[in-house]
Every structure is written in structure tokens, then in C-alpha cells.
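Some notes on the structure that comes next.
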Amino acid sequence: MKLKKRWLIPALLVLLMGLLSVPEIMHENSGTSISHGSVRNGKLENGWLVPFRGNNFQYFSRFSYYILNCGYVNDRVYRTITQAYQTCEATCPGQTFRLMECTRRKGGRMLLHWTHQNGTSVDFMVPKKRGQKSNVLSSHFGLFHYLLQFNSAGRLTISPGHKTEIDFETMARHILAVDDAARANGLRIRKLLFNTHLLDKLYATQAGKEILRRDIFIPGRLNDFVNRFHDDHYHVDFERIDHER
Ligand SMILES: [Zn+2]
């Protein structure tokens, strides 16, 4: 009897998590999405669910994807994200990218974010390396990844002398692929947010120079709070080229 009681709460939790995952397990992407309102005050109709895993990418957290339901986007954004990763199979061979939070199934307010409300905002985890290795432990931290801090050299400050650093060249190549794919789908990058103390390192790369040439809008000034939270990931807002949504 005691044994049964001990397992009751874990069993109920597993059941609850299973029930909360049903929308994602059953979801099928079809038709056109409608993004209502703005990224700060909006809704998403018929959102598309990003794949949990692809050839060279994966969503960063099962909890965020299945329980918080934060892996939905506008169908044009879905095509943009997946096509960009396809391009990166050629431009960044051997690299596994991680996609972070998108939008909830029907949009609206989300924990941790002021925006992300209508399916046109996406967070991308910074690609990292440790020597020649690109698969580093800190990429597996799930939602805690949002709390990681990097110094102005792009090095993870988790412990003194830690060797994991941002792979700026790969990041810049991914941004170019996202920009290309957005245009192919009638979108453009409205705004890309990334820690302003790290921008010089990004622009110094070969692909980073092309980002500058294309004039992709990346604010050079952000308030301290926004800056602090945009070193482990870069945030992209998309907009329709014809300004419709
Ligand atoms: Zn974001």
C-alpha cells in the first residue's frame, strides 16, 4: 500500500504531462496562419508547429515544446526557419542548431517574453564551440539556457576560465540564411536583437560583413535589461514585405 502511495504523485504528474502534450502530438500543419495584432499584443490563428527535430537542428526544450506549447509560428515563418536550416546544411556542415521559444499555440502573453505574441518572433540559440567541438554541454540546459551569460569576448562565464564560446561565424551564416529564406517567403527581418557588446565580434566575421552590407536591422543600442538577456540567443521579429500579416 505504501509503495502504491509513493508512486501516485509521479504517476499523476506523468499523466498530466501526457495530457498537456496531446495538442503537439496530434498537431498537423496545414492552411494559412493569421498573425493578429503585434508581437507585443497579438494572437496567432492556425499556427504551425516547428519540428522538434530536423537534420541539423532541434528545439531546445521538451518542456517548452510539449508542456508550455511554445513552438508555434506563422506558416511563413515556419518555412523561413526550416529553409534557413536547409541552407545551413551546406554552409555550416556538421553543425547542429537549436531553436528556442517561438509563440504559444494561439499566441498571446508568454512567460519570460514581452513579445512573441503573434507567431512572428523566434529565438535562436547562439551556436557555440569549445575548441573544435560544437556539441557543448551548455546547449542541453533547456529553459535554463536563457540564464547563461557571456562576456564581451563571447565566452561563457559559467566558471572562471571556461572555454565554451560563441561561434560567431556560424551565427552570422545562419542569420544570412534566415534573411534569404525570409525574402523567399514574402517576409523580412524587421528586427534582430543581440547583445550590443558582442556585435563587433559578429560583424568581424566574413559572413558578418555581409550582414552589415545587407543592412539587416540590428539595434546598436539596447537598454541594460534587454542586453543582458540577449547574449545566449538572438531574437528575430519578422514582418511581411507588403506589411500585411
Ligand atoms: Zn525573443
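As shown in the C-alpha cells, the chain order sets the letters A, B, ...; within each chain, residues go from 1, and ligands are also counted from 1 in the order they appear.
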Determine, for each residue of chain A having at least one atom at most 7 Å from an atom of ligand 1, the closest pair of atoms and their separation in Å to one decimal, counting only C-alpha atoms and all ligand atoms; order by chain and ascending number, as a tab-separated table.
residue	atom	partner	partner_atom_place_in_ligand_line	distance
A:His113	CA	ligand 1	1 (Zn)	6.3
A:Thr115	CA	ligand 1	1 (Zn)	6.7
A:His116	CA	ligand 1	1 (Zn)	6.4
A:Ser121	CA	ligand 1	1 (Zn)	6.3
A:Val122	CA	ligand 1	1 (Zn)	5.8
A:Asp123	CA	ligand 1	1 (Zn)	4.7
A:His235	CA	ligand 1	1 (Zn)	4.4
A:Val236	CA	ligand 1	1 (Zn)	6.8
Distance query Gly107 in chain A at most 9 Å, only C-alpha atoms, self and fewer than 3 positions along chain excluded, as a PyMOL selection string: chain A and resi 35-36+42-45+47+70+72-73+103-104+110+116-119
Once DSSP has gone over the backbone, tell me which residues of range 59-245 of chain A are in strand (DSSP E or B), as a CSV table (one decimal) with C-alpha atoms, in the first residue's frame.
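Final output, saved to states-v4.csv:
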chain,number,residue,atom,x,y,z
A,59,TYR,CA,14.1,22.5,-30.4
A,72,TYR,CA,4.2,27.7,-32.9
A,73,VAL,CA,4.8,30.2,-35.6
A,97,PHE,CA,21.5,24.4,-34.4
A,98,ARG,CA,19.0,25.0,-31.6
A,99,LEU,CA,15.7,26.8,-31.9
A,103,THR,CA,4.9,31.5,-29.8
A,107,GLY,CA,-0.4,33.4,-29.3
A,110,MET,CA,4.2,34.2,-22.6
A,113,HIS,CA,9.0,37.3,-23.0
A,121,SER,CA,9.0,36.2,-33.2
A,122,VAL,CA,11.6,33.5,-32.9
A,123,ASP,CA,14.6,33.0,-30.5
A,124,PHE,CA,17.7,31.2,-31.9
A,125,MET,CA,20.3,29.8,-29.5
A,128,LYS,CA,28.8,27.6,-29.5
A,129,LYS,CA,32.1,25.8,-29.7
A,130,ARG,CA,34.8,24.6,-27.3
A,133,LYS,CA,33.8,20.8,-30.7
A,150,PHE,CA,28.7,35.5,-21.9
A,155,ARG,CA,33.0,33.4,-23.7
A,156,LEU,CA,30.6,31.6,-21.4
A,165,GLU,CA,32.5,30.5,-26.6
A,166,ILE,CA,30.0,31.7,-29.2
A,187,LEU,CA,9.0,38.3,-45.2
A,188,ARG,CA,11.9,40.3,-44.0
A,189,ILE,CA,13.7,40.5,-40.7
A,190,ARG,CA,12.1,43.5,-39.1
A,191,LYS,CA,14.5,43.5,-36.1
A,192,LEU,CA,17.2,41.2,-34.7
A,193,LEU,CA,18.1,41.7,-31.1
A,233,HIS,CA,20.3,33.8,-28.0
A,234,TYR,CA,19.3,36.2,-30.8
A,235,HIS,CA,15.7,37.2,-31.2
A,236,VAL,CA,14.2,37.9,-34.6
A,237,ASP,CA,10.9,39.6,-35.4
A,238,PHE,CA,9.7,39.0,-39.0
A,239,GLU,CA,7.3,41.2,-41.0
A,240,ARG,CA,5.5,40.8,-44.3
Find, counting only C-alpha atoms, the residue in A:Leu176, A:Val226, A:Leu8, A:Met171 that gets nearest to Arg213 in chain A.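 For Arg213 in chain A, the nearest of the given residues is A:Leu176.
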Using CA of His230 in chain A and CA of Asn195 in chain A as the two end points, give the distance in Å to one decimal.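 Answer for the CA of His230 in chain A to CA of Asn195 in chain A separation: 5.1 Å.
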Choose the residue, out of A:Ser139, A:Asn56, A:Thr32, A:Gln206, that has the smallest atom-to-atom separation from Pro93 in chain A; count only C-alpha atoms. A:Asn56
Separation of CA of Leu15 in chain A from CA of Tyr66 in chain A, in Å and rounded to one decimal: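 We find that CA of Leu15 in chain A and CA of Tyr66 in chain A lie 13.1 Å from each other.
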Which residues, written as a list in words, have at least one atom at most 8 Å from Asp231 in chain A, with only C-alpha atoms counted and residues fewer than 4 positions away on the same chain left out?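 Counting only C-alpha atoms, the residues come to Val126, Leu148, Gln149, Phe150, Phe194, Asn195, Leu198 and Asn227 of chain A.
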Would you pick out the contacts of Phe63 in chain A at 10 Å or less, using only C-alpha atoms, so that residues sharing its chain but fewer than 6 positions from it are not included, and give the list as a VMD selection string? chain A and resid 17 21 69 to 70 142 to 143
So, counting only C-alpha atoms, which residue among A:Met100, A:Val77, A:Val39, A:Leu16 is closest to Phe57 in chain A?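 Looking at the shortest contact to Phe57 in chain A, the residue is A:Met100.
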DSSP-assigned helix (DSSP H, G or I) among range 150-241 of chain A, expressed as an MDAnalysis selection string: chainID A and resid 168:184 196:203 206:214 224:228
Writer output for current selection, N, CA and C atoms, as a short mmCIF file (atom, residue, chain, number, x, y, z; two decimals), in the first residue's frame:
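Final output, saved to again_11.cif:
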data_model
loop_
_atom_site.label_atom_id
_atom_site.label_comp_id
_atom_site.auth_asym_id
_atom_site.auth_seq_id
_atom_site.Cartn_x
_atom_site.Cartn_y
_atom_site.Cartn_z
N PHE A 168 30.80 32.83 -33.73
CA PHE A 168 30.21 33.98 -34.42
C PHE A 168 30.09 33.76 -35.93
N GLU A 169 31.06 33.07 -36.53
CA GLU A 169 30.98 32.84 -37.98
C GLU A 169 29.73 32.02 -38.33
N THR A 170 29.52 30.94 -37.56
CA THR A 170 28.34 30.10 -37.80
C THR A 170 27.06 30.89 -37.56
N MET A 171 27.06 31.68 -36.51
CA MET A 171 25.88 32.50 -36.21
C MET A 171 25.58 33.45 -37.37
N ALA A 172 26.62 34.09 -37.89
CA ALA A 172 26.42 35.05 -38.99
C ALA A 172 25.92 34.34 -40.25
N ARG A 173 26.45 33.15 -40.51
CA ARG A 173 25.98 32.40 -41.69
C ARG A 173 24.51 32.03 -41.53
N HIS A 174 24.13 31.67 -40.31
CA HIS A 174 22.72 31.33 -40.08
C HIS A 174 21.84 32.57 -40.28
N ILE A 175 22.28 33.71 -39.81
CA ILE A 175 21.48 34.94 -39.98
C ILE A 175 21.30 35.24 -41.47
N LEU A 176 22.35 35.07 -42.26
CA LEU A 176 22.23 35.32 -43.70
C LEU A 176 21.23 34.34 -44.32
N ALA A 177 21.28 33.09 -43.88
CA ALA A 177 20.34 32.08 -44.41
C ALA A 177 18.90 32.43 -44.02
N VAL A 178 18.71 32.94 -42.81
CA VAL A 178 17.37 33.35 -42.37
C VAL A 178 16.90 34.53 -43.21
N ASP A 179 17.78 35.47 -43.47
CA ASP A 179 17.43 36.65 -44.27
C ASP A 179 17.01 36.24 -45.68
N ASP A 180 17.79 35.34 -46.29
CA ASP A 180 17.45 34.85 -47.64
C ASP A 180 16.11 34.13 -47.63
N ALA A 181 15.92 33.24 -46.67
CA ALA A 181 14.70 32.43 -46.62
C ALA A 181 13.48 33.31 -46.34
N ALA A 182 13.66 34.35 -45.52
CA ALA A 182 12.55 35.27 -45.23
C ALA A 182 12.08 35.92 -46.53
N ARG A 183 13.02 36.43 -47.29
CA ARG A 183 12.65 37.09 -48.55
C ARG A 183 11.97 36.13 -49.51
N ALA A 184 12.43 34.88 -49.54
CA ALA A 184 11.82 33.87 -50.43
C ALA A 184 10.38 33.57 -50.01
N THR A 196 24.58 44.09 -27.58
CA THR A 196 25.33 45.09 -28.35
C THR A 196 26.84 45.01 -28.09
N HIS A 197 27.24 44.47 -26.91
CA HIS A 197 28.68 44.35 -26.63
C HIS A 197 29.33 43.23 -27.45
N LEU A 198 28.49 42.40 -28.08
CA LEU A 198 29.02 41.27 -28.86
C LEU A 198 28.93 41.52 -30.36
N LEU A 199 28.33 42.65 -30.75
CA LEU A 199 28.11 42.89 -32.18
C LEU A 199 29.39 43.02 -32.98
N ASP A 200 30.42 43.64 -32.39
CA ASP A 200 31.69 43.80 -33.11
C ASP A 200 32.27 42.46 -33.50
N LYS A 201 32.15 41.49 -32.59
CA LYS A 201 32.67 40.14 -32.87
C LYS A 201 31.87 39.50 -34.02
N LEU A 202 30.57 39.75 -34.03
CA LEU A 202 29.73 39.20 -35.10
C LEU A 202 30.09 39.83 -36.44
N TYR A 203 30.21 41.16 -36.45
CA TYR A 203 30.48 41.87 -37.71
C TYR A 203 31.91 41.63 -38.22
N GLN A 206 33.52 36.85 -41.59
CA GLN A 206 33.31 37.01 -43.02
C GLN A 206 31.82 37.19 -43.35
N ALA A 207 30.99 36.30 -42.80
CA ALA A 207 29.55 36.41 -43.05
C ALA A 207 28.97 37.64 -42.36
N GLY A 208 29.58 38.05 -41.26
CA GLY A 208 29.11 39.24 -40.54
C GLY A 208 29.24 40.50 -41.38
N LYS A 209 30.29 40.56 -42.20
CA LYS A 209 30.46 41.72 -43.09
C LYS A 209 29.31 41.80 -44.08
N GLU A 210 28.83 40.64 -44.51
CA GLU A 210 27.69 40.61 -45.43
C GLU A 210 26.40 41.06 -44.71
N ILE A 211 26.29 40.74 -43.42
CA ILE A 211 25.13 41.22 -42.64
C ILE A 211 25.13 42.75 -42.66
N LEU A 212 26.29 43.34 -42.45
CA LEU A 212 26.40 44.80 -42.47
C LEU A 212 26.04 45.36 -43.84
N ARG A 213 26.54 44.69 -44.88
CA ARG A 213 26.30 45.17 -46.24
C ARG A 213 24.80 45.13 -46.57
N ARG A 214 24.13 44.08 -46.07
CA ARG A 214 22.69 43.96 -46.34
C ARG A 214 21.86 44.91 -45.49
N ASP A 224 19.96 48.04 -20.67
CA ASP A 224 20.76 47.01 -19.98
C ASP A 224 20.00 45.71 -19.80
N PHE A 225 18.73 45.82 -19.48
CA PHE A 225 17.93 44.63 -19.20
C PHE A 225 17.81 43.75 -20.46
N VAL A 226 17.47 44.38 -21.57
CA VAL A 226 17.32 43.64 -22.83
C VAL A 226 18.67 43.06 -23.25
N ASN A 227 19.71 43.87 -23.12
CA ASN A 227 21.06 43.43 -23.48
C ASN A 227 21.46 42.17 -22.71
N ARG A 228 21.20 42.19 -21.40
CA ARG A 228 21.62 41.11 -20.53
C ARG A 228 21.00 39.77 -20.96
#
Nearest to Tyr78 in chain A, restricted to only C-alpha atoms and choosing among A:Gly37, A:Gly108, A:Ser30, A:Trp114, comes out as A:Ser30
Can you tell me how far CA of Asp215 in chain A sits from CA of Ile241 in chain A, in Å to one decimal?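 Straight-line distance from CA of Asp215 in chain A to CA of Ile241 in chain A works out to 15.4 Å.
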Which is closest to Tyr85 in chain A among A:Asn29, A:Gln58, A:Gln132, A:Ser159, if we use only C-alpha atoms?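 Ranking A:Asn29, A:Gln58, A:Gln132, A:Ser159 by distance to Tyr85 in chain A, first place goes to A:Gln58.
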